[in-house]
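As provided, my_file08.json (JSON, C-alpha atoms) reads as follows.
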[["chain", "number", "residue", "atom", "x", "y", "z"],
["T", 882, "MET", "CA", 4.27, -11.61, 16.94],
["T", 883, "ASP", "CA", 0.64, -11.04, 15.97],
["T", 884, "ILE", "CA", 0.01, -7.37, 15.16],
["T", 885, "SER", "CA", -3.34, -7.86, 13.40],
["T", 886, "TRP", "CA", -5.05, -6.13, 16.35],
["T", 887, "LEU", "CA", -2.96, -3.04, 15.61],
["T", 888, "GLU", "CA", -4.06, -3.08, 11.97],
["T", 889, "ASP", "CA", -7.69, -3.51, 13.05],
["T", 890, "PHE", "CA", -7.33, -0.63, 15.50],
["T", 891, "TYR", "CA", -5.84, 1.60, 12.81],
["T", 892, "ALA", "CA", -8.62, 0.68, 10.40],
["T", 893, "PHE", "CA", -11.54, 1.16, 12.79],
["T", 894, "HIS", "CA", -10.53, 3.44, 15.68],
["T", 895, "ILE", "CA", -8.14, 6.05, 14.29],
["T", 896, "PRO", "CA", -10.93, 8.67, 13.85],
["T", 897, "GLU", "CA", -11.83, 8.48, 17.54],
["T", 898, "VAL", "CA", -8.21, 8.77, 18.63],
["T", 899, "ILE", "CA", -7.37, 11.79, 16.47],
["T", 900, "LEU", "CA", -10.68, 13.46, 17.36],
["T", 901, "LEU", "CA", -9.96, 13.10, 21.08],
["T", 902, "ILE", "CA", -6.32, 14.19, 20.83],
["T", 903, "GLY", "CA", -7.23, 17.12, 18.57],
["T", 904, "ALA", "CA", -9.99, 18.24, 20.95],
["T", 905, "ILE", "CA", -7.68, 18.04, 23.98],
["T", 906, "ILE", "CA", -4.98, 20.08, 22.20],
["T", 907, "ALA", "CA", -7.59, 22.66, 21.11],
["T", 908, "LEU", "CA", -8.90, 23.02, 24.68],
["T", 909, "LEU", "CA", -5.32, 23.38, 25.96],
["T", 910, "ILE", "CA", -4.70, 26.10, 23.34],
["T", 911, "VAL", "CA", -7.79, 27.98, 24.54],
["T", 912, "TYR", "CA", -6.85, 27.51, 28.21],
["T", 913, "THR", "CA", -3.28, 28.76, 27.77],
["T", 914, "TYR", "CA", -4.48, 31.62, 25.53],
["T", 915, "LYS", "CA", -6.98, 32.82, 28.14],
["T", 916, "LYS", "CA", -4.39, 32.44, 30.90],
["T", 917, "ASP", "CA", -1.57, 34.32, 29.11],
["T", 918, "GLU", "CA", -1.41, 34.66, 25.33],
["T", 919, "ASN", "CA", 2.25, 35.75, 25.50],
["T", 920, "SER", "CA", 3.39, 32.72, 27.49],
["T", 921, "GLY", "CA", 5.77, 30.08, 26.18],
["T", 922, "THR", "CA", 3.21, 27.41, 27.08],
["T", 923, "TYR", "CA", 0.63, 28.96, 24.75],
["T", 924, "LYS", "CA", 3.17, 29.16, 21.92],
["T", 925, "LEU", "CA", 4.17, 25.54, 22.55],
["T", 926, "MET", "CA", 0.51, 24.49, 22.39],
["T", 927, "MET", "CA", 0.12, 26.32, 19.05],
["T", 928, "VAL", "CA", 3.15, 24.50, 17.61],
["T", 929, "LEU", "CA", 1.79, 21.19, 18.92],
["T", 930, "GLY", "CA", -1.58, 22.03, 17.35],
["T", 931, "LEU", "CA", 0.10, 22.85, 14.03],
["T", 932, "ILE", "CA", 1.99, 19.55, 13.98],
["T", 933, "PHE", "CA", -1.01, 17.46, 15.01],
["T", 934, "GLY", "CA", -3.26, 19.35, 12.59],
["T", 935, "ILE", "CA", -0.99, 18.30, 9.72],
["T", 936, "ILE", "CA", -1.10, 14.71, 10.99],
["T", 937, "MET", "CA", -4.93, 14.88, 11.14],
["T", 938, "ILE", "CA", -5.11, 16.09, 7.53],
["T", 939, "ALA", "CA", -2.69, 13.38, 6.35],
["T", 940, "MET", "CA", -4.65, 10.63, 8.12],
["T", 941, "THR", "CA", -7.97, 11.97, 6.81],
["T", 942, "PHE", "CA", -6.76, 11.95, 3.20],
["T", 943, "SER", "CA", -5.45, 8.40, 3.56],
["T", 944, "LYS", "CA", -8.48, 6.90, 5.35],
["T", 945, "TYR", "CA", -11.53, 9.17, 4.80],
["T", 946, "ALA", "CA", -13.18, 6.70, 2.38],
["T", 947, "SER", "CA", -13.93, 4.37, 5.30],
["T", 948, "TRP", "CA", -15.20, 7.15, 7.60],
["T", 949, "SER", "CA", -18.53, 8.96, 7.67],
["T", 950, "THR", "CA", -18.63, 12.34, 5.91],
["T", 951, "PHE", "CA", -19.44, 14.16, 9.16],
["T", 952, "THR", "CA", -16.43, 12.59, 10.92],
["T", 953, "ALA", "CA", -14.08, 13.57, 8.09],
["T", 954, "VAL", "CA", -15.46, 17.14, 7.94],
["T", 955, "ILE", "CA", -15.12, 17.65, 11.71],
["T", 956, "ILE", "CA", -11.54, 16.34, 11.65],
["T", 957, "ILE", "CA", -10.64, 18.64, 8.73],
["T", 958, "LEU", "CA", -12.24, 21.67, 10.46],
["T", 959, "MET", "CA", -10.36, 20.94, 13.68],
["T", 960, "ALA", "CA", -7.10, 20.44, 11.77],
["T", 961, "PHE", "CA", -7.57, 23.66, 9.75],
["T", 962, "THR", "CA", -8.30, 25.60, 12.94],
["T", 963, "MET", "CA", -5.09, 24.44, 14.58],
["T", 964, "ILE", "CA", -2.91, 24.76, 11.46],
["T", 965, "VAL", "CA", -3.95, 28.33, 10.61],
["T", 966, "ARG", "CA", -3.70, 29.70, 14.18],
["T", 967, "PRO", "CA", 0.10, 30.33, 14.27],
["T", 968, "PHE", "CA", -0.05, 32.11, 10.90],
["T", 969, "ARG", "CA", -2.90, 34.55, 11.61],
["T", 970, "LYS", "CA", -0.54, 37.53, 11.80],
["T", 971, "VAL", "CA", 2.02, 36.42, 9.22],
["T", 972, "GLU", "CA", 1.95, 38.12, 5.80],
["T", 973, "ILE", "CA", 2.39, 34.93, 3.79],
["T", 974, "ALA", "CA", 1.41, 36.60, 0.50],
["T", 975, "VAL", "CA", 4.36, 39.03, 0.74],
["T", 976, "ILE", "CA", 6.78, 36.16, 1.33],
["T", 977, "ILE", "CA", 5.36, 34.22, -1.65],
["T", 978, "GLY", "CA", 5.57, 37.34, -3.85],
["T", 979, "LEU", "CA", 9.22, 37.94, -2.92],
["T", 980, "VAL", "CA", 10.10, 34.30, -3.57],
["T", 981, "VAL", "CA", 8.48, 34.50, -7.03],
["T", 982, "ILE", "CA", 10.38, 37.74, -7.85],
["T", 983, "ILE", "CA", 13.71, 36.11, -6.94],
["T", 984, "MET", "CA", 12.90, 32.87, -8.81],
["T", 985, "ALA", "CA", 11.70, 34.78, -11.89],
["T", 986, "TYR", "CA", 14.82, 36.97, -11.86],
["T", 987, "VAL", "CA", 17.09, 33.91, -11.68],
["T", 988, "LEU", "CA", 15.17, 31.96, -14.35],
["T", 989, "LEU", "CA", 15.08, 34.95, -16.73],
["T", 990, "GLY", "CA", 18.88, 34.88, -16.74],
["T", 991, "ARG", "CA", 18.65, 31.68, -18.75],
["T", 992, "CYS", "CA", 16.86, 33.50, -21.59],
["T", 993, "ALA", "CA", 20.24, 34.78, -22.85],
["T", 994, "ASP", "CA", 20.62, 31.64, -24.99],
["T", 995, "ILE", "CA", 17.05, 31.75, -26.39],
["T", 996, "ASP", "CA", 16.51, 33.62, -29.65],
["T", 997, "GLY", "CA", 14.05, 36.50, -29.29],
["T", 998, "LEU", "CA", 14.15, 36.49, -25.49],
["T", 999, "GLU", "CA", 17.72, 37.73, -24.94],
["T", 1000, "VAL", "CA", 16.38, 41.16, -24.00],
["T", 1001, "LEU", "CA", 14.74, 39.65, -20.87],
["T", 1002, "ALA", "CA", 18.01, 38.17, -19.63],
["T", 1003, "SER", "CA", 19.56, 41.34, -18.28],
["T", 1004, "GLY", "CA", 19.05, 44.96, -17.26],
["T", 1005, "TRP", "CA", 15.75, 46.69, -16.58],
["T", 1006, "PRO", "CA", 13.55, 44.30, -18.68],
["T", 1007, "ARG", "CA", 14.66, 41.37, -16.50],
["T", 1008, "LEU", "CA", 13.94, 43.29, -13.31],
["T", 1009, "ILE", "CA", 10.56, 44.61, -14.52],
["T", 1010, "VAL", "CA", 9.31, 41.20, -15.71],
["T", 1011, "ALA", "CA", 10.40, 39.55, -12.44],
["T", 1012, "PHE", "CA", 8.66, 42.28, -10.43],
["T", 1013, "VAL", "CA", 5.44, 42.03, -12.49],
["T", 1014, "ALA", "CA", 5.40, 38.23, -12.08],
["T", 1015, "GLY", "CA", 5.86, 38.61, -8.31],
["T", 1016, "ALA", "CA", 3.15, 41.30, -8.12],
["T", 1017, "ILE", "CA", 0.61, 39.11, -9.97],
["T", 1018, "VAL", "CA", 1.37, 36.13, -7.72],
["T", 1019, "TYR", "CA", 1.19, 38.41, -4.66],
["T", 1020, "MET", "CA", -2.30, 39.69, -5.62],
["T", 1021, "ILE", "CA", -3.59, 36.13, -6.09],
["T", 1022, "ALA", "CA", -1.89, 34.90, -2.90],
["T", 1023, "ASN", "CA", -3.12, 37.94, -0.96],
["T", 1024, "PHE", "CA", -6.73, 37.25, -1.94],
["T", 1025, "ALA", "CA", -6.35, 33.57, -0.99],
["T", 1026, "GLU", "CA", -4.64, 34.56, 2.27],
["T", 1027, "LYS", "CA", -7.38, 37.02, 3.25],
["T", 1028, "LEU", "CA", -10.02, 34.39, 2.48],
["T", 1029, "VAL", "CA", -8.24, 31.74, 4.58],
["T", 1030, "MET", "CA", -7.63, 34.20, 7.40],
["T", 1031, "LEU", "CA", -11.28, 35.27, 7.40],
["T", 1032, "PHE", "CA", -12.33, 31.69, 8.13],
["T", 1033, "GLY", "CA", -9.28, 31.25, 10.35],
["T", 1034, "LYS", "CA", -10.31, 34.15, 12.58],
["T", 1035, "LEU", "CA", -13.83, 32.75, 12.90],
["T", 1036, "PHE", "CA", -12.62, 29.24, 13.70],
["T", 1037, "ASN", "CA", -9.94, 30.54, 16.08],
["T", 1038, "TRP", "CA", -12.37, 32.69, 18.04],
["T", 1039, "TRP", "CA", -11.96, 30.87, 21.33],
["T", 1040, "PRO", "CA", -15.69, 30.17, 22.04],
["T", 1041, "PHE", "CA", -16.02, 28.62, 18.56],
["T", 1042, "MET", "CA", -12.87, 26.57, 19.16],
["T", 1043, "VAL", "CA", -14.29, 25.26, 22.45],
["T", 1044, "VAL", "CA", -17.58, 24.28, 20.78],
["T", 1045, "LEU", "CA", -15.69, 22.56, 17.94],
["T", 1046, "ALA", "CA", -13.55, 20.67, 20.46],
["T", 1047, "LEU", "CA", -16.67, 19.52, 22.36],
["T", 1048, "ILE", "CA", -18.25, 18.34, 19.09],
["T", 1049, "CYS", "CA", -15.05, 16.37, 18.37],
["T", 1050, "ILE", "CA", -15.25, 14.73, 21.81],
["T", 1051, "ALA", "CA", -18.95, 13.91, 21.33],
["T", 1052, "GLU", "CA", -18.23, 12.43, 17.89],
["T", 1053, "ALA", "CA", -15.35, 10.34, 19.27],
["T", 1054, "VAL", "CA", -17.44, 9.02, 22.17],
["T", 1055, "CYS", "CA", -20.34, 8.20, 19.86],
["T", 1056, "LEU", "CA", -18.02, 6.35, 17.47],
["T", 1057, "LEU", "CA", -16.54, 4.35, 20.35],
["T", 1058, "ILE", "CA", -19.90, 3.46, 21.92],
["T", 1059, "THR", "CA", -22.20, 3.02, 18.93],
["T", 1060, "GLY", "CA", -19.76, 2.54, 16.06],
["T", 1061, "SER", "CA", -21.44, 5.31, 14.07],
["T", 1062, "SER", "CA", -21.30, 9.09, 13.74],
["T", 1063, "ILE", "CA", -23.29, 11.46, 15.94],
["T", 1064, "TRP", "CA", -24.70, 13.11, 12.79],
["T", 1065, "PRO", "CA", -27.87, 10.96, 12.50],
["T", 1066, "TYR", "CA", -28.69, 11.74, 16.15],
["T", 1067, "LEU", "CA", -28.22, 15.46, 15.54],
["T", 1068, "GLN", "CA", -30.50, 15.27, 12.50],
["T", 1069, "THR", "CA", -33.14, 13.56, 14.61],
["T", 1070, "LEU", "CA", -32.86, 16.23, 17.31],
["T", 1071, "TRP", "CA", -33.11, 19.04, 14.76],
["T", 1072, "SER", "CA", -36.18, 17.46, 13.18],
["T", 1073, "GLY", "CA", -37.93, 17.62, 16.56],
["T", 1074, "ASP", "CA", -38.28, 13.85, 16.96],
["T", 1075, "LYS", "CA", -37.55, 12.20, 20.27],
["T", 1076, "ILE", "CA", -34.32, 10.28, 20.54],
["T", 1077, "ILE", "CA", -33.28, 7.63, 23.01],
["T", 1078, "LEU", "CA", -29.62, 6.71, 23.25],
["T", 1079, "LEU", "CA", -29.02, 3.29, 24.73],
["T", 1080, "CYS", "CA", -25.41, 3.30, 25.93]]

Starting from the coordinates I provided, produce the structure as structure tokens.
Amino acid sequence: MDISWLEDFYAFHIPEVILLIGAIIALLIVYTYKKDENSGTYKLMMVLGLIFGIIMIAMTFSKYASWSTFTAVIIILMAFTMIVRPFRKVEIAVIIGLVVIIMAYVLLGRCADIDGLEVLASGWPRLIVAFVAGAIVYMIANFAEKLVMLFGKLFNWWPFMVVLALICIAEAVCLLITGSSIWPYLQTLWSGDKIILLC
């Protein structure tokens, strides 16, 4: 059975497919959010967006070298938007900090057999060091979380998400019809030159 066509499709048309699917999921997320943000359908769309966002990132990292920069950037932006949406109200930094405290506490128990570090293996020193390690990691994670959430809130603002989805659709259509990114056409429009698209 000849499957070379499938390999060719994967090599040359995967960007268009994931752009279209990502855009459709994003528009469905916006639609269900505007209709009822507490509905099960909206939550299901967010989970679907999270899963497909991870797939988009994985495919981009494995194939981006053969894609245009604009295509890869748009795919990553769309993926990031869908991945971060379910976690906008989750305090991830606190969870990471607690995990580090527990791990540090457990690992410090092994210091009992190390000369000079026995004092850290039990009692208050063990607890204090574990807590300090968790607090430091929490502060770093909290800063990173706030930074990610800042961009996440912007990208998840529903009008922005709609515009991003429409750009994804336009990019996919342009790739299918012309074989190249829409970016050169946008540059031409921004420069004020006339552009004629022969489709």

Between atom CA of T:Ile906 and atom CA of T:Ala1051 - distance in Å to one decimal = 15.3 Å

Might you pull out every residue within 12 Å of T:Thr922, with only C-alpha atoms counted and same-chain residues fewer than 5 positions away left off, and present them as a ChimeraX atom specification?
-> /T:909-917,927-929

Go ahead and save the residues from that selection, with C-alpha atoms, as a PDB file, in the frame of the given file.
ATOM      1  CA  LEU T 909      -5.320  23.380  25.960  1.00  0.00           C
ATOM      2  CA  ILE T 910      -4.700  26.100  23.340  1.00  0.00           C
ATOM      3  CA  VAL T 911      -7.790  27.980  24.540  1.00  0.00           C
ATOM      4  CA  TYR T 912      -6.850  27.510  28.210  1.00  0.00           C
ATOM      5  CA  THR T 913      -3.280  28.760  27.770  1.00  0.00           C
ATOM      6  CA  TYR T 914      -4.480  31.620  25.530  1.00  0.00           C
ATOM      7  CA  LYS T 915      -6.980  32.820  28.140  1.00  0.00           C
ATOM      8  CA  LYS T 916      -4.390  32.440  30.900  1.00  0.00           C
ATOM      9  CA  ASP T 917      -1.570  34.320  29.110  1.00  0.00           C
ATOM     10  CA  MET T 927       0.120  26.320  19.050  1.00  0.00           C
ATOM     11  CA  VAL T 928       3.150  24.500  17.610  1.00  0.00           C
ATOM     12  CA  LEU T 929       1.790  21.190  18.920  1.00  0.00           C
TER      13      LEU T 929
END

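As for atom CA of T:Ile899 and atom CA of T:Ala1025, they are spaced 27.9 Å apart.
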
For each of T:Phe961, T:Tyr1066, T:Tyr1019, T:Phe1032, take the minimum atom-to-atom distance to T:Glu1052, counting all atoms listed in the file, then give the residue where this is smallest.
-> T:Tyr1066

For T:Met1042, which residue among T:Ala1016, T:Ile973, T:Val898, T:Leu908 is the nearest when counting all atoms listed in the file?
-> T:Leu908

For T:Pro1040, which residue among T:Ile895, T:Ile936, T:Ala974, T:Ala907 is the nearest when counting all atoms listed in the file?
->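 Comparing T:Ile895, T:Ile936, T:Ala974, T:Ala907 against T:Pro1040, the winner is T:Ala907.
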
Atomic separation - atom CA of T:Val1029 relative to atom CA of T:Ala953, Å =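 About the pair atom CA of T:Ala953 and atom CA of T:Val1029: they are 19.4 Å apart.
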
Using all atoms listed in the file, which of the listed residues (T:Leu925, T:Ile977, T:Ile1058, T:Met984) sits closest to T:Ile1021?
->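 Nearest candidate to T:Ile1021 out of T:Leu925, T:Ile977, T:Ile1058, T:Met984: T:Ile977.
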
Rank nothing, just name the residue among T:Leu979, T:Cys1049, T:Leu1031, T:Ile1063 nearest to T:Ser949, using all atoms listed in the file.
-> T:Ile1063

I'd like the contact shell of T:Ala1053 - 8 Å cut-off, all atoms listed in the file, skipping same-chain residues fewer than 5 positions apart - returned as a PDB file with C-alpha atoms, in the coordinates of the input.
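So part.pdb came out as:
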ATOM      1  CA  PRO T 896     -10.930   8.670  13.850  1.00  0.00           C
ATOM      2  CA  GLU T 897     -11.830   8.480  17.540  1.00  0.00           C
ATOM      3  CA  VAL T 898      -8.210   8.770  18.630  1.00  0.00           C
ATOM      4  CA  LEU T 900     -10.680  13.460  17.360  1.00  0.00           C
ATOM      5  CA  LEU T 901      -9.960  13.100  21.080  1.00  0.00           C
TER       6      LEU T 901
END

Which residue out of T:Pro967, T:Ile956, T:Ser943, T:Met926 has the minimum interatomic distance to T:Asn1037 when only C-alpha atoms are used?
->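 Ranking T:Pro967, T:Ile956, T:Ser943, T:Met926 by distance to T:Asn1037, first place goes to T:Pro967.
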
Rebuild stretch 942-968 of chain T to N, CA and C atoms - output it as a PDB file, in the frame of the given file, please.
ATOM      1  N   PHE T 942      -6.892  12.187   4.633  1.00  0.00           N
ATOM      2  CA  PHE T 942      -6.760  11.950   3.200  1.00  0.00           C
ATOM      3  C   PHE T 942      -6.453  10.497   2.875  1.00  0.00           C
ATOM      4  N   SER T 943      -5.802   9.798   3.823  1.00  0.00           N
ATOM      5  CA  SER T 943      -5.450   8.400   3.560  1.00  0.00           C
ATOM      6  C   SER T 943      -6.563   7.425   3.948  1.00  0.00           C
ATOM      7  N   LYS T 944      -7.488   7.847   4.840  1.00  0.00           N
ATOM      8  CA  LYS T 944      -8.480   6.900   5.350  1.00  0.00           C
ATOM      9  C   LYS T 944      -9.936   7.376   5.256  1.00  0.00           C
ATOM     10  N   TYR T 945     -10.180   8.592   4.720  1.00  0.00           N
ATOM     11  CA  TYR T 945     -11.530   9.170   4.800  1.00  0.00           C
ATOM     12  C   TYR T 945     -12.592   8.322   4.122  1.00  0.00           C
ATOM     13  N   ALA T 946     -12.211   7.504   3.127  1.00  0.00           N
ATOM     14  CA  ALA T 946     -13.180   6.700   2.380  1.00  0.00           C
ATOM     15  C   ALA T 946     -13.932   5.728   3.295  1.00  0.00           C
ATOM     16  N   SER T 947     -13.288   5.323   4.384  1.00  0.00           N
ATOM     17  CA  SER T 947     -13.930   4.370   5.300  1.00  0.00           C
ATOM     18  C   SER T 947     -14.605   5.067   6.480  1.00  0.00           C
ATOM     19  N   TRP T 948     -14.578   6.399   6.512  1.00  0.00           N
ATOM     20  CA  TRP T 948     -15.200   7.150   7.600  1.00  0.00           C
ATOM     21  C   TRP T 948     -16.474   7.813   7.105  1.00  0.00           C
ATOM     22  N   SER T 949     -17.325   8.220   8.047  1.00  0.00           N
ATOM     23  CA  SER T 949     -18.530   8.960   7.670  1.00  0.00           C
ATOM     24  C   SER T 949     -18.111  10.373   7.234  1.00  0.00           C
ATOM     25  N   THR T 950     -18.936  10.989   6.405  1.00  0.00           N
ATOM     26  CA  THR T 950     -18.630  12.340   5.910  1.00  0.00           C
ATOM     27  C   THR T 950     -18.520  13.332   7.061  1.00  0.00           C
ATOM     28  N   PHE T 951     -19.438  13.233   8.024  1.00  0.00           N
ATOM     29  CA  PHE T 951     -19.440  14.160   9.160  1.00  0.00           C
ATOM     30  C   PHE T 951     -18.143  14.046   9.955  1.00  0.00           C
ATOM     31  N   THR T 952     -17.680  12.812  10.186  1.00  0.00           N
ATOM     32  CA  THR T 952     -16.430  12.590  10.920  1.00  0.00           C
ATOM     33  C   THR T 952     -15.266  13.240  10.193  1.00  0.00           C
ATOM     34  N   ALA T 953     -15.177  13.008   8.883  1.00  0.00           N
ATOM     35  CA  ALA T 953     -14.080  13.570   8.090  1.00  0.00           C
ATOM     36  C   ALA T 953     -14.120  15.102   8.090  1.00  0.00           C
ATOM     37  N   VAL T 954     -15.323  15.680   7.965  1.00  0.00           N
ATOM     38  CA  VAL T 954     -15.460  17.140   7.940  1.00  0.00           C
ATOM     39  C   VAL T 954     -15.042  17.751   9.275  1.00  0.00           C
ATOM     40  N   ILE T 955     -15.478  17.139  10.381  1.00  0.00           N
ATOM     41  CA  ILE T 955     -15.120  17.650  11.710  1.00  0.00           C
ATOM     42  C   ILE T 955     -13.611  17.581  11.931  1.00  0.00           C
ATOM     43  N   ILE T 956     -12.997  16.481  11.503  1.00  0.00           N
ATOM     44  CA  ILE T 956     -11.540  16.340  11.650  1.00  0.00           C
ATOM     45  C   ILE T 956     -10.820  17.411  10.831  1.00  0.00           C
ATOM     46  N   ILE T 957     -11.272  17.638   9.591  1.00  0.00           N
ATOM     47  CA  ILE T 957     -10.640  18.640   8.730  1.00  0.00           C
ATOM     48  C   ILE T 957     -10.816  20.043   9.319  1.00  0.00           C
ATOM     49  N   LEU T 958     -12.008  20.358   9.833  1.00  0.00           N
ATOM     50  CA  LEU T 958     -12.240  21.670  10.460  1.00  0.00           C
ATOM     51  C   LEU T 958     -11.329  21.883  11.671  1.00  0.00           C
ATOM     52  N   MET T 959     -11.214  20.844  12.503  1.00  0.00           N
ATOM     53  CA  MET T 959     -10.360  20.940  13.680  1.00  0.00           C
ATOM     54  C   MET T 959      -8.903  21.113  13.273  1.00  0.00           C
ATOM     55  N   ALA T 960      -8.481  20.360  12.255  1.00  0.00           N
ATOM     56  CA  ALA T 960      -7.100  20.440  11.770  1.00  0.00           C
ATOM     57  C   ALA T 960      -6.819  21.829  11.184  1.00  0.00           C
ATOM     58  N   PHE T 961      -7.735  22.332  10.358  1.00  0.00           N
ATOM     59  CA  PHE T 961      -7.570  23.660   9.750  1.00  0.00           C
ATOM     60  C   PHE T 961      -7.462  24.732  10.824  1.00  0.00           C
ATOM     61  N   THR T 962      -8.300  24.628  11.842  1.00  0.00           N
ATOM     62  CA  THR T 962      -8.300  25.600  12.940  1.00  0.00           C
ATOM     63  C   THR T 962      -6.947  25.652  13.632  1.00  0.00           C
ATOM     64  N   MET T 963      -6.371  24.483  13.874  1.00  0.00           N
ATOM     65  CA  MET T 963      -5.090  24.440  14.580  1.00  0.00           C
ATOM     66  C   MET T 963      -3.918  24.813  13.670  1.00  0.00           C
ATOM     67  N   ILE T 964      -3.996  24.460  12.388  1.00  0.00           N
ATOM     68  CA  ILE T 964      -2.910  24.760  11.460  1.00  0.00           C
ATOM     69  C   ILE T 964      -2.809  26.260  11.194  1.00  0.00           C
ATOM     70  N   VAL T 965      -3.960  26.915  11.008  1.00  0.00           N
ATOM     71  CA  VAL T 965      -3.950  28.330  10.610  1.00  0.00           C
ATOM     72  C   VAL T 965      -3.655  29.269  11.788  1.00  0.00           C
ATOM     73  N   ARG T 966      -3.838  28.817  13.013  1.00  0.00           N
ATOM     74  CA  ARG T 966      -3.700  29.700  14.180  1.00  0.00           C
ATOM     75  C   ARG T 966      -2.326  30.380  14.287  1.00  0.00           C
ATOM     76  N   PRO T 967      -1.211  29.654  14.140  1.00  0.00           N
ATOM     77  CA  PRO T 967       0.100  30.330  14.270  1.00  0.00           C
ATOM     78  C   PRO T 967       0.385  31.339  13.165  1.00  0.00           C
ATOM     79  N   PHE T 968      -0.348  31.260  12.043  1.00  0.00           N
ATOM     80  CA  PHE T 968      -0.050  32.110  10.900  1.00  0.00           C
ATOM     81  C   PHE T 968      -1.030  33.266  10.728  1.00  0.00           C
TER      82      PHE T 968
END
